[in-house]
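File shown here: entry_9.pdb, holding PDB, C-alpha atoms.
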```pdb
ATOM      1  CA  MET A 290      42.679  -7.114  -0.811
ATOM      2  CA  GLU A 291      40.438  -5.182  -3.192
ATOM      3  CA  ASN A 292      42.167  -3.075  -5.793
ATOM      4  CA  LEU A 293      41.221   0.488  -6.687
ATOM      5  CA  GLN A 294      39.181  -0.496  -9.738
ATOM      6  CA  THR A 295      37.029  -2.900  -7.716
ATOM      7  CA  ILE A 296      36.379  -0.274  -5.043
ATOM      8  CA  LYS A 297      35.550   2.337  -7.705
ATOM      9  CA  ARG A 298      33.019  -0.006  -9.321
ATOM     10  CA  SER A 299      31.406  -0.560  -5.908
ATOM     11  CA  ILE A 300      31.180   3.207  -5.397
ATOM     12  CA  ASN A 301      29.539   3.699  -8.814
ATOM     13  CA  SER A 302      27.021   0.915  -8.142
ATOM     14  CA  THR A 303      26.176   2.347  -4.731
ATOM     15  CA  GLU A 304      25.688   5.834  -6.190
ATOM     16  CA  SER A 305      23.329   4.403  -8.844
ATOM     17  CA  LEU A 306      21.343   2.668  -6.109
ATOM     18  CA  GLN A 307      21.281   5.916  -4.156
ATOM     19  CA  SER A 308      19.732   7.675  -7.161
ATOM     20  CA  ILE A 309      17.007   5.011  -7.452
ATOM     21  CA  VAL A 310      16.223   5.199  -3.734
ATOM     22  CA  SER A 311      16.024   9.000  -3.865
ATOM     23  CA  THR A 312      13.603   8.840  -6.803
ATOM     24  CA  MET A 313      11.348   6.322  -5.044
ATOM     25  CA  LYS A 314      11.493   8.361  -1.851
ATOM     26  CA  ALA A 315      10.434  11.508  -3.703
ATOM     27  CA  HIS A 316       7.591   9.670  -5.435
ATOM     28  CA  ALA A 317       6.299   8.158  -2.188
ATOM     29  CA  SER A 318       6.457  11.554  -0.483
ATOM     30  CA  SER A 319       4.505  13.212  -3.289
ATOM     31  CA  VAL A 320       1.605  10.735  -3.336
ATOM     32  CA  ILE A 321       1.113  10.109   0.398
ATOM     33  CA  THR A 322      -0.668  13.414   0.943
ATOM     34  CA  GLN A 323      -2.775  12.807  -2.165
ATOM     35  CA  PHE A 324      -4.107   9.481  -0.857
ATOM     36  CA  GLN A 325      -4.499  10.792   2.694
ATOM     37  CA  ASN A 326      -6.627  13.683   1.431
ATOM     38  CA  ALA A 327      -8.675  11.279  -0.700
ATOM     39  CA  ALA A 328      -9.278   9.072   2.361
ATOM     40  CA  ALA A 329     -10.388  12.101   4.396
ATOM     41  CA  ALA A 330     -12.761  13.168   1.614
ATOM     42  CA  SER A 331     -14.210   9.652   1.416
ATOM     43  CA  MET A 332     -14.839   9.702   5.164
ATOM     44  CA  ALA A 333     -16.705  13.003   4.821
ATOM     45  CA  TYR A 334     -18.827  11.535   2.032
ATOM     46  CA  ARG A 335     -19.434   8.405   4.094
ATOM     47  CA  HIS A 336     -20.685  10.634   6.911
ATOM     48  CA  VAL A 337     -23.196  12.199   4.499
ATOM     49  CA  LEU A 338     -24.342   8.717   3.440
ATOM     50  CA  ASP A 339     -24.800   7.671   7.063
ATOM     51  CA  ARG A 340     -27.018  10.700   7.657
ATOM     52  CA  ALA A 341     -29.057   9.967   4.527
ATOM     53  CA  LEU A 342     -29.491   6.298   5.468
ATOM     54  CA  TYR A 343     -30.559   7.333   8.954
ATOM     55  CA  VAL A 344     -33.266   9.539   7.436
ATOM     56  CA  VAL A 345     -34.477   6.793   5.098
ATOM     57  CA  LEU A 346     -34.568   4.179   7.854
ATOM     58  CA  THR A 347     -36.273   6.320  10.505
ATOM     59  CA  THR A 348     -38.539   8.755   8.629
ATOM     60  CA  GLY A 349     -42.156   8.161   7.714
ATOM     61  CA  ASP A 350     -44.599   5.327   8.272
ATOM     62  CA  ALA A 351     -43.640   3.364   5.180
ATOM     63  CA  GLU A 352     -42.323  -0.133   5.606
ATOM     64  CA  LYS A 353     -38.646   0.003   6.452
ATOM     65  CA  PRO A 354     -36.170  -1.749   4.131
ATOM     66  CA  ARG A 355     -35.270  -5.146   5.489
ATOM     67  CA  GLN A 356     -32.332  -7.376   4.965
ATOM     68  CA  GLN A 357     -32.377 -11.052   5.776
ATOM     69  CA  ALA A 358     -29.225 -13.024   6.404
ATOM     70  CA  VAL A 359     -28.429 -15.274   3.446
ATOM     71  CA  LYS A 360     -26.335 -18.393   3.688
ATOM     72  CA  GLY A 361     -23.962 -18.495   0.787
ATOM     73  CA  ILE A 362     -20.396 -18.083  -0.328
ATOM     74  CA  ASP A 363     -18.035 -15.405   0.970
ATOM     75  CA  ILE A 364     -16.245 -12.895  -1.253
ATOM     76  CA  HIS A 365     -12.850 -11.916   0.149
ATOM     77  CA  ILE A 366     -11.150  -8.830  -1.307
ATOM     78  CA  LEU A 367      -7.441  -8.446  -0.473
ATOM     79  CA  PHE A 368      -5.574  -5.161  -0.940
ATOM     80  CA  GLY A 369      -1.800  -5.202  -1.483
ATOM     81  CA  SER A 370       0.734  -3.644  -3.837
ATOM     82  CA  ASP A 371       2.118  -4.239  -7.324
ATOM     83  CA  HIS A 372       5.625  -3.093  -6.421
ATOM     84  CA  GLY A 373       8.099  -4.165  -3.788
ATOM     85  CA  LEU A 374      10.452  -2.128  -1.583
ATOM     86  CA  ALA A 375       7.588  -1.436   0.824
ATOM     87  CA  GLY A 376       8.960  -3.116   3.920
ATOM     88  CA  ARG A 377       6.629  -5.751   5.354
ATOM     89  CA  PHE A 378       3.510  -4.156   3.892
ATOM     90  CA  ASN A 379       2.507  -7.191   1.812
ATOM     91  CA  GLU A 380       3.849  -9.825   4.202
ATOM     92  CA  ARG A 381       1.733  -8.504   7.077
ATOM     93  CA  ILE A 382      -1.547  -8.330   5.162
ATOM     94  CA  VAL A 383      -0.973 -11.831   3.745
ATOM     95  CA  ALA A 384      -0.240 -13.242   7.213
ATOM     96  CA  PHE A 385      -3.382 -11.494   8.517
ATOM     97  CA  VAL A 386      -5.512 -12.912   5.700
ATOM     98  CA  GLN A 387      -4.180 -16.439   6.115
ATOM     99  CA  GLU A 388      -5.015 -16.244   9.807
ATOM    100  CA  LYS A 389      -8.563 -14.981   9.208
ATOM    101  CA  ILE A 390      -9.594 -17.022   6.137
ATOM    102  CA  THR A 391     -10.147 -20.754   6.038
ATOM    103  CA  PRO A 392      -9.699 -21.678   2.345
ATOM    104  CA  SER A 393     -12.895 -22.990   0.762
ATOM    105  CA  ALA A 394     -13.496 -24.130  -2.804
ATOM    106  CA  GLU A 395     -16.808 -22.241  -2.896
ATOM    107  CA  ASP A 396     -15.529 -18.866  -1.672
ATOM    108  CA  VAL A 397     -14.332 -16.207  -4.095
ATOM    109  CA  ILE A 398     -11.024 -14.427  -3.491
ATOM    110  CA  LEU A 399     -10.297 -11.187  -5.345
ATOM    111  CA  VAL A 400      -6.754  -9.838  -5.031
ATOM    112  CA  VAL A 401      -5.586  -6.289  -5.668
ATOM    113  CA  GLY A 402      -1.826  -6.323  -6.219
ATOM    114  CA  GLN A 403       0.577  -8.874  -7.685
ATOM    115  CA  GLN A 404       2.786  -8.877  -4.588
ATOM    116  CA  VAL A 405      -0.046 -10.296  -2.461
ATOM    117  CA  LEU A 406      -0.756 -13.008  -5.020
ATOM    118  CA  ASN A 407       2.904 -14.071  -5.030
ATOM    119  CA  ARG A 408       2.902 -14.489  -1.253
ATOM    120  CA  LEU A 409      -0.341 -16.412  -0.757
ATOM    121  CA  GLU A 410       0.166 -20.022   0.246
ATOM    122  CA  GLU A 411      -1.189 -22.944  -1.703
ATOM    123  CA  GLY A 412      -4.833 -23.626  -0.945
ATOM    124  CA  PHE A 413      -5.992 -20.080  -1.649
ATOM    125  CA  GLN A 414      -7.680 -20.198  -5.049
ATOM    126  CA  VAL A 415      -7.591 -16.639  -6.370
ATOM    127  CA  ASP A 416     -10.337 -15.889  -8.899
ATOM    128  CA  THR A 417      -9.213 -12.495 -10.217
ATOM    129  CA  VAL A 418      -6.173 -10.243  -9.774
ATOM    130  CA  PHE A 419      -6.546  -6.483 -10.216
ATOM    131  CA  PRO A 420      -3.713  -3.961 -10.684
ATOM    132  CA  VAL A 421      -3.138  -1.331  -8.033
ATOM    133  CA  PRO A 422      -4.009   2.213  -9.160
ATOM    134  CA  GLN A 423      -1.112   4.615  -8.792
ATOM    135  CA  THR A 424      -3.128   7.853  -8.811
ATOM    136  CA  GLU A 425      -6.235   9.169  -7.109
ATOM    137  CA  GLU A 426      -8.033   9.297 -10.472
ATOM    138  CA  GLY A 427      -7.253   5.629 -11.085
ATOM    139  CA  ILE A 428      -9.002   4.520  -7.887
ATOM    140  CA  THR A 429     -12.486   5.275  -9.255
ATOM    141  CA  ALA A 430     -11.982   3.109 -12.347
ATOM    142  CA  MET A 431     -10.616   0.238 -10.264
ATOM    143  CA  VAL A 432     -13.528   0.426  -7.805
ATOM    144  CA  GLN A 433     -15.938   0.169 -10.735
ATOM    145  CA  ARG A 434     -14.106  -2.927 -11.993
ATOM    146  CA  LEU A 435     -14.379  -4.490  -8.533
ATOM    147  CA  LEU A 436     -18.086  -3.709  -8.369
ATOM    148  CA  VAL A 437     -18.601  -5.389 -11.761
ATOM    149  CA  ALA A 438     -16.773  -8.498 -10.512
ATOM    150  CA  ILE A 439     -18.895  -8.528  -7.343
ATOM    151  CA  ASP A 440     -22.139  -8.166  -9.337
ATOM    152  CA  GLU A 441     -21.136 -11.015 -11.654
ATOM    153  CA  THR A 442     -20.474 -13.254  -8.660
ATOM    154  CA  ARG A 443     -23.787 -12.327  -7.025
ATOM    155  CA  GLU A 444     -25.665 -13.118 -10.235
ATOM    156  CA  SER A 445     -24.323 -16.674 -10.350
ATOM    157  CA  ASN A 446     -24.072 -17.456  -6.628
ATOM    158  CA  LYS A 447     -25.758 -16.686  -3.356
ATOM    159  CA  VAL A 448     -23.393 -14.415  -1.458
ATOM    160  CA  GLY A 449     -23.444 -14.513   2.312
ATOM    161  CA  ARG A 450     -20.704 -11.991   3.081
ATOM    162  CA  ILE A 451     -18.292  -9.620   1.367
ATOM    163  CA  LEU A 452     -15.168  -8.888   3.414
ATOM    164  CA  LEU A 453     -12.348  -6.413   2.831
ATOM    165  CA  TYR A 454      -8.772  -6.898   4.057
ATOM    166  CA  TYR A 455      -6.433  -3.917   3.927
ATOM    167  CA  ASN A 456      -3.742  -2.004   5.809
ATOM    168  CA  LYS A 457      -4.924   1.159   7.542
ATOM    169  CA  PRO A 458      -2.371   3.923   8.236
ATOM    170  CA  GLN A 459      -1.611   4.968  11.801
ATOM    171  CA  GLU A 460       0.725   7.552  13.260
ATOM    172  CA  ALA A 461       4.468   7.686  12.557
ATOM    173  CA  ALA A 462       4.325   5.748   9.278
ATOM    174  CA  SER A 463       2.875   2.664  10.989
ATOM    175  CA  PHE A 464      -0.249   0.737   9.985
ATOM    176  CA  ASN A 465      -2.631  -1.923  11.238
ATOM    177  CA  GLU A 466      -4.325  -4.735   9.393
ATOM    178  CA  GLU A 467      -8.087  -4.266   9.085
ATOM    179  CA  ARG A 468     -10.988  -6.532   8.172
ATOM    180  CA  GLU A 469     -14.215  -4.750   7.225
ATOM    181  CA  LEU A 470     -17.619  -6.226   6.478
ATOM    182  CA  LEU A 471     -18.940  -4.675   3.281
ATOM    183  CA  PHE A 472     -22.032  -6.895   3.030
ATOM    184  CA  PRO A 473     -24.505  -7.610   4.626
ATOM    185  CA  PHE A 474     -25.263  -4.202   6.093
ATOM    186  CA  ASP A 475     -26.149  -3.731   9.715
ATOM    187  CA  LEU A 476     -29.379  -1.791   9.108
ATOM    188  CA  GLU A 477     -30.185  -1.782  12.812
ATOM    189  CA  LYS A 478     -26.891  -0.037  13.544
ATOM    190  CA  LEU A 479     -27.375   2.422  10.672
ATOM    191  CA  SER A 480     -30.816   3.354  11.926
ATOM    192  CA  GLN A 481     -29.351   4.112  15.353
ATOM    193  CA  ASN A 482     -26.748   6.573  14.079
ATOM    194  CA  LYS A 483     -28.557   9.601  15.430
ATOM    195  CA  VAL A 484     -27.253  12.906  14.133
ATOM    196  CA  ALA A 485     -27.866  16.506  15.096
ATOM    197  CA  TRP A 486     -29.147  18.631  12.229
ATOM    198  CA  GLU A 487     -27.729  22.114  11.928
ATOM    199  CA  SER A 488     -30.815  23.543  10.233
ATOM    200  CA  LYS A 489     -34.239  23.895  11.860
ATOM    201  CA  SER A 490     -35.915  22.036   8.985
ATOM    202  CA  LEU A 491     -36.420  18.324   9.455
ATOM    203  CA  PRO A 492     -34.915  16.161   6.690
ATOM    204  CA  THR A 493     -37.323  14.480   4.309
ATOM    205  CA  PHE A 494     -37.410  12.913   0.847
ATOM    206  CA  PHE A 495     -39.953  12.891  -1.993
ATOM    207  CA  VAL A 496     -39.117   9.694  -3.877
ATOM    208  CA  SER A 497     -39.836   6.057  -3.203
ATOM    209  CA  GLN A 498     -38.181   4.908  -0.010
ATOM    210  CA  GLN A 499     -37.020   1.625  -1.574
ATOM    211  CA  HIS A 500     -35.708   3.436  -4.652
ATOM    212  CA  LEU A 501     -33.735   5.943  -2.568
ATOM    213  CA  PHE A 502     -32.462   3.218  -0.244
ATOM    214  CA  SER A 503     -31.196   1.201  -3.226
ATOM    215  CA  HIS A 504     -29.252   4.172  -4.612
ATOM    216  CA  LEU A 505     -27.759   4.986  -1.209
ATOM    217  CA  ILE A 506     -26.591   1.390  -0.783
ATOM    218  CA  GLN A 507     -24.895   1.516  -4.182
ATOM    219  CA  GLN A 508     -23.044   4.634  -3.062
ATOM    220  CA  TYR A 509     -22.242   2.893   0.225
ATOM    221  CA  PHE A 510     -20.604   0.040  -1.698
ATOM    222  CA  PHE A 511     -18.608   2.449  -3.841
ATOM    223  CA  ILE A 512     -17.309   4.732  -1.109
ATOM    224  CA  THR A 513     -16.355   1.849   1.202
ATOM    225  CA  LEU A 514     -14.229   0.239  -1.523
ATOM    226  CA  TYR A 515     -12.818   3.630  -2.485
ATOM    227  CA  ARG A 516     -11.808   4.326   1.122
ATOM    228  CA  ALA A 517     -10.167   0.875   1.421
ATOM    229  CA  PHE A 518      -8.058   1.682  -1.660
ATOM    230  CA  CYS A 519      -7.056   5.058  -0.172
ATOM    231  CA  TYR A 520      -6.080   3.529   3.173
ATOM    232  CA  SER A 521      -4.073   0.753   1.525
ATOM    233  CA  LEU A 522      -2.238   3.102  -0.856
ATOM    234  CA  ALA A 523      -1.469   5.604   1.912
ATOM    235  CA  SER A 524      -0.101   2.773   4.095
ATOM    236  CA  GLU A 525       1.952   1.351   1.225
ATOM    237  CA  ASN A 526       3.615   4.638   0.352
ATOM    238  CA  ALA A 527       4.172   5.633   3.983
ATOM    239  CA  ASN A 528       5.883   2.296   4.591
ATOM    240  CA  ARG A 529       7.867   2.632   1.358
ATOM    241  CA  LEU A 530       8.971   6.121   2.397
ATOM    242  CA  ALA A 531      10.162   4.797   5.763
ATOM    243  CA  SER A 532      11.981   1.934   4.022
ATOM    244  CA  MET A 533      13.611   4.317   1.549
ATOM    245  CA  GLN A 534      14.721   6.620   4.360
ATOM    246  CA  ALA A 535      16.353   3.692   6.144
ATOM    247  CA  ALA A 536      17.906   2.501   2.881
ATOM    248  CA  GLU A 537      19.165   6.007   2.137
ATOM    249  CA  LYS A 538      20.859   6.157   5.537
ATOM    250  CA  ASN A 539      22.512   2.774   4.977
ATOM    251  CA  ILE A 540      23.662   3.799   1.496
ATOM    252  CA  ASP A 541      25.166   7.043   2.817
ATOM    253  CA  GLU A 542      27.074   5.080   5.438
ATOM    254  CA  ARG A 543      28.210   2.571   2.826
ATOM    255  CA  LEU A 544      29.367   5.344   0.477
ATOM    256  CA  SER A 545      31.317   7.020   3.264
ATOM    257  CA  GLU A 546      32.935   3.697   4.077
ATOM    258  CA  LEU A 547      33.812   2.976   0.424
ATOM    259  CA  ASN A 548      35.194   6.466  -0.204
ATOM    260  CA  ALA A 549      37.350   6.252   2.916
ATOM    261  CA  LYS A 550      38.561   2.827   1.816
ATOM    262  CA  TYR A 551      39.297   4.177  -1.670
ATOM    263  CA  ARG A 552      41.309   7.088  -0.251
ATOM    264  CA  ARG A 553      43.301   4.781   2.034
ATOM    265  CA  GLN A 554      43.981   2.379  -0.822
ATOM    266  CA  ARG A 555      44.985   5.230  -3.119
ATOM    267  CA  GLN A 556      47.270   6.681  -0.468
ATOM    268  CA  ASN A 557      48.897   3.302   0.062
ATOM    269  CA  GLN A 558      49.397   2.947  -3.692
ATOM    270  CA  ILE A 559      50.976   6.406  -3.916
ATOM    271  CA  THR A 560      53.248   5.604  -0.958
ATOM    272  CA  GLU A 561      54.336   2.370  -2.616
ATOM    273  CA  GLU A 562      55.070   4.196  -5.880
ATOM    274  CA  VAL A 563      57.112   6.851  -4.046
ATOM    275  CA  ASN A 564      59.030   4.144  -2.182
ATOM    276  CA  ASP A 565      59.737   2.390  -5.487
ATOM    277  CA  VAL A 566      61.081   5.640  -6.972
ATOM    278  CA  ILE A 567      63.269   6.282  -3.926
ATOM    279  CA  SER A 568      64.546   2.692  -3.914
ATOM    280  CA  GLY A 569      65.345   2.916  -7.624
ATOM    281  CA  PHE A 570      67.137   6.226  -7.134
ATOM    282  CA  LYS A 571      69.239   4.793  -4.294
ATOM    283  CA  ALA A 572      70.119   1.710  -6.333
ATOM    284  CA  ILE A 573      71.248   3.846  -9.304
ATOM    285  CA  LYS A 574      73.250   6.125  -6.995
ATOM    286  CA  LYS A 575      75.091   3.190  -5.396
ATOM    287  CA  SER A 576      75.791   1.708  -8.809
ATOM    288  CA  LYS A 577      77.383   4.952 -10.031
ATOM    289  CA  GLU A 578      79.392   5.237  -6.831
ATOM    290  CA  ARG A 579      80.825   1.747  -7.323
ATOM    291  CA  GLU A 580      81.724   2.558 -10.938
ATOM    292  CA  ALA A 581      83.475   5.736  -9.807
TER
END
```

Now, as a test, write the supplied structure out as C-alpha cells.
Amino acid sequence: MENLQTIKRSINSTESLQSIVSTMKAHASSVITQFQNAAAASMAYRHVLDRALYVVLTTGDAEKPRQQAVKGIDIHILFGSDHGLAGRFNERIVAFVQEKITPSAEDVILVVGQQVLNRLEEGFQVDTVFPVPQTEEGITAMVQRLLVAIDETRESNKVGRILLYYNKPQEAASFNEERELLFPFDLEKLSQNKVAWESKSLPTFFVSQQHLFSHLIQQYFFITLYRAFCYSLASENANRLASMQAAEKNIDERLSELNAKYRRQRQNQITEEVNDVISGFKAIKKSKEREA
C-alpha cells in the first residue's frame, strides 16, 4: 500500500503536469484565431489573383501565355509540426504522404517540421527540413525560404510537378489531409473562372501581358504556400487544443482520485494513532490497577 509521502509526491507531479497542460491550452487557444484569420485573408487575396489571371488570359488579341507539360522530377513539400502533444496530427499526414508518394531517388522531398521527419519510414530521402513558424509574421519568411529552395531545384533539374501535403481544418477541431498541385498550373481552368465585375468599367492592363502574367504567377506561388502554412498551423493548434482539453479532464479526474486516496490514507493513519493511544492508556491503567 502506498504511504502518504508517495501519494503526496504523485499529487505534486500531477499538479505540475496540470500547469503545463493549461499553459499549452492557453497558447493553442490564442493562436488558432490568428492562423484562421490569416488563412481567410490569403483566400481573399487568392480570389483577387484568380480575377487578375482571368483578365490576363482572356483579354486582348495578344498571344496567350502557354504552358507545356514537362517530364521531370517531382518536388514534394510536407507540412507537419516541430512540437508534439498534437494528437495524431503528424501521424495522419505521414500516413497520407506514404500512401500517395512512391519514393524515388530523383524526386525532391522538402519537410516542414521535425515531427514529420522523425516519423517518415526508410526510403524517403528528405533533402531539406524547415522549422515551423510559430507566428503569423514568421510564415512570410518561411515561405520565402521555401521559394528559394524550389528555385534552386528548378535551376539544376527539370521539374515536372510541385505537390503540397498538409492538414486542412474542418469543423469541430477536426481536419482532413490534402494534396494540392502547386505546379504546373491549369491555365485552361484559370481562364474559365468567369467573374462578375461590380463596376461598369471593363478590366484592362497597360503592361506587357507576359510580364504581368509572370508577376501574377509569382504571387500565386507565394499565396498558395502561405495558405498551406496557415491551414496546417490552424489544424495543428486546433488538434493540440482538443488534446489538451482531454488531457486536462483526465488530470482533473486523476487529481480528484489522488486527493480522495490521500484523505482516506490520512484518516486511516489518524485512526491507527488514536487506537494506539487508547491501547496504551488501557495498558497503563490495567498495570496500575494490578499494582494497587

Of the listed residues A:Val418, A:Leu452, A:Leu544, A:Leu436, that which approaches A:Phe510 most closely, counting only C-alpha atoms
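Under the stated criterion, the closest residue is A:Leu436.
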
Any chance you could work out the residue set of the PyMOL selection byres ((chain A and resi 442-451) around 12) here, as an NGL selection string?
:A and (356-367 or 395-399 or 416-417 or 435-441 or 452-454 or 468-475 or 510 or 513-514)

Please dump the current selection as an mmCIF file, in the coordinates of the input; keep C-alpha atoms.
```cif
data_model
loop_
_atom_site.group_PDB
_atom_site.id
_atom_site.type_symbol
_atom_site.label_atom_id
_atom_site.label_comp_id
_atom_site.auth_asym_id
_atom_site.auth_seq_id
_atom_site.Cartn_x
_atom_site.Cartn_y
_atom_site.Cartn_z
ATOM 1 C CA GLN A 356 -32.332 -7.376 4.965
ATOM 2 C CA GLN A 357 -32.377 -11.052 5.776
ATOM 3 C CA ALA A 358 -29.225 -13.024 6.404
ATOM 4 C CA VAL A 359 -28.429 -15.274 3.446
ATOM 5 C CA LYS A 360 -26.335 -18.393 3.688
ATOM 6 C CA GLY A 361 -23.962 -18.495 0.787
ATOM 7 C CA ILE A 362 -20.396 -18.083 -0.328
ATOM 8 C CA ASP A 363 -18.035 -15.405 0.970
ATOM 9 C CA ILE A 364 -16.245 -12.895 -1.253
ATOM 10 C CA HIS A 365 -12.850 -11.916 0.149
ATOM 11 C CA ILE A 366 -11.150 -8.830 -1.307
ATOM 12 C CA LEU A 367 -7.441 -8.446 -0.473
ATOM 13 C CA GLU A 395 -16.808 -22.241 -2.896
ATOM 14 C CA ASP A 396 -15.529 -18.866 -1.672
ATOM 15 C CA VAL A 397 -14.332 -16.207 -4.095
ATOM 16 C CA ILE A 398 -11.024 -14.427 -3.491
ATOM 17 C CA LEU A 399 -10.297 -11.187 -5.345
ATOM 18 C CA ASP A 416 -10.337 -15.889 -8.899
ATOM 19 C CA THR A 417 -9.213 -12.495 -10.217
ATOM 20 C CA LEU A 435 -14.379 -4.490 -8.533
ATOM 21 C CA LEU A 436 -18.086 -3.709 -8.369
ATOM 22 C CA VAL A 437 -18.601 -5.389 -11.761
ATOM 23 C CA ALA A 438 -16.773 -8.498 -10.512
ATOM 24 C CA ILE A 439 -18.895 -8.528 -7.343
ATOM 25 C CA ASP A 440 -22.139 -8.166 -9.337
ATOM 26 C CA GLU A 441 -21.136 -11.015 -11.654
ATOM 27 C CA LEU A 452 -15.168 -8.888 3.414
ATOM 28 C CA LEU A 453 -12.348 -6.413 2.831
ATOM 29 C CA TYR A 454 -8.772 -6.898 4.057
ATOM 30 C CA ARG A 468 -10.988 -6.532 8.172
ATOM 31 C CA GLU A 469 -14.215 -4.750 7.225
ATOM 32 C CA LEU A 470 -17.619 -6.226 6.478
ATOM 33 C CA LEU A 471 -18.940 -4.675 3.281
ATOM 34 C CA PHE A 472 -22.032 -6.895 3.030
ATOM 35 C CA PRO A 473 -24.505 -7.610 4.626
ATOM 36 C CA PHE A 474 -25.263 -4.202 6.093
ATOM 37 C CA ASP A 475 -26.149 -3.731 9.715
ATOM 38 C CA PHE A 510 -20.604 0.040 -1.698
ATOM 39 C CA THR A 513 -16.355 1.849 1.202
ATOM 40 C CA LEU A 514 -14.229 0.239 -1.523
#
```

Expand the PyMOL selection byres ((chain A and resi 341) around 10) into the explicit residue set it covers here, and present it as a ChimeraX atom specification.
/A:335-340,342-346,479,492-494,501-502,505

Those residues with C-alpha atoms, as a PDB file, in the coordinates of the input please?
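Saved as selection28.pdb:
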```pdb
ATOM      1  CA  ARG A 335     -19.434   8.405   4.094  1.00  0.00           C
ATOM      2  CA  HIS A 336     -20.685  10.634   6.911  1.00  0.00           C
ATOM      3  CA  VAL A 337     -23.196  12.199   4.499  1.00  0.00           C
ATOM      4  CA  LEU A 338     -24.342   8.717   3.440  1.00  0.00           C
ATOM      5  CA  ASP A 339     -24.800   7.671   7.063  1.00  0.00           C
ATOM      6  CA  ARG A 340     -27.018  10.700   7.657  1.00  0.00           C
ATOM      7  CA  LEU A 342     -29.491   6.298   5.468  1.00  0.00           C
ATOM      8  CA  TYR A 343     -30.559   7.333   8.954  1.00  0.00           C
ATOM      9  CA  VAL A 344     -33.266   9.539   7.436  1.00  0.00           C
ATOM     10  CA  VAL A 345     -34.477   6.793   5.098  1.00  0.00           C
ATOM     11  CA  LEU A 346     -34.568   4.179   7.854  1.00  0.00           C
ATOM     12  CA  LEU A 479     -27.375   2.422  10.672  1.00  0.00           C
ATOM     13  CA  PRO A 492     -34.915  16.161   6.690  1.00  0.00           C
ATOM     14  CA  THR A 493     -37.323  14.480   4.309  1.00  0.00           C
ATOM     15  CA  PHE A 494     -37.410  12.913   0.847  1.00  0.00           C
ATOM     16  CA  LEU A 501     -33.735   5.943  -2.568  1.00  0.00           C
ATOM     17  CA  PHE A 502     -32.462   3.218  -0.244  1.00  0.00           C
ATOM     18  CA  LEU A 505     -27.759   4.986  -1.209  1.00  0.00           C
TER      19      LEU A 505
END
```

Of the candidates A:Gln508, A:Ser370, A:Thr424, A:Ser331, which one gets nearest to A:Tyr455 if we count all atoms listed in the file?
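Among A:Gln508, A:Ser370, A:Thr424, A:Ser331, it is A:Ser370 that comes nearest to A:Tyr455.
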
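Evaluated against the shown file, the PyMOL selection byres ((chain A and resi 421) around 7) gives A:Ser370, A:Asp371, A:Val401, A:Gly402, A:Phe419, A:Pro420, A:Pro422, A:Gln423.
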
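The space between atom CA of A:Val496 and atom CA of A:Val432 spans 27.5 Å.
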
Would you compute the distance between atom CA of A:Arg552 and atom CA of A:Gln534? Give it in Å to one decimal.
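Between atom CA of A:Arg552 and atom CA of A:Gln534 the gap is 27.0 Å.
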
Show me the residues close to (8.8, 9.7, -3.6) - anything with an atom within 12 Å, counting only C-alpha atoms - and format the list as a list in words.
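Looking at atoms near the point gives Ser308, Ile309, Val310, Ser311, Thr312, Met313, Lys314, Ala315, His316, Ala317, Ser318, Ser319, Val320, Ile321, Thr322, Glu525, Asn526, Ala527, Asn528, Arg529, Leu530, Ala531, Ser532, Met533 and Gln534 of chain A.
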
For atom CA of A:Leu406 and atom CA of A:Phe368, the interatomic separation in Å (one decimal)
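The value is 10.1 Å.
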
Would you please work out which residue, of A:Ser524, A:Gln387, A:Ser497, A:Asn301, is nearest to A:Leu409 when using all atoms listed in the file?
A:Gln387

Cut-off 8 Å around (-7.1, -19.8, -4.6) with all atoms listed in the file: residues as a ChimeraX atom specification:
/A:392,394,398,411-416

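Of the residues listed (A:His500, A:Thr303, A:Ala375, A:Thr295), A:Thr295 shows the shortest atom-to-atom separation from A:Tyr551; distances use only C-alpha atoms.
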
If I wrap all listed atoms of stretch 523-541 of chain A in a box with edges along x, y and z and add 4 Å on each side, what are its centre and edge lengths in Å to one decimal, as AutoDock Vina command-line options?
```
--center_x 11.8 --center_y 4.2 --center_z 3.2 --size_x 34.6 --size_y 13.7 --size_z 13.8
```
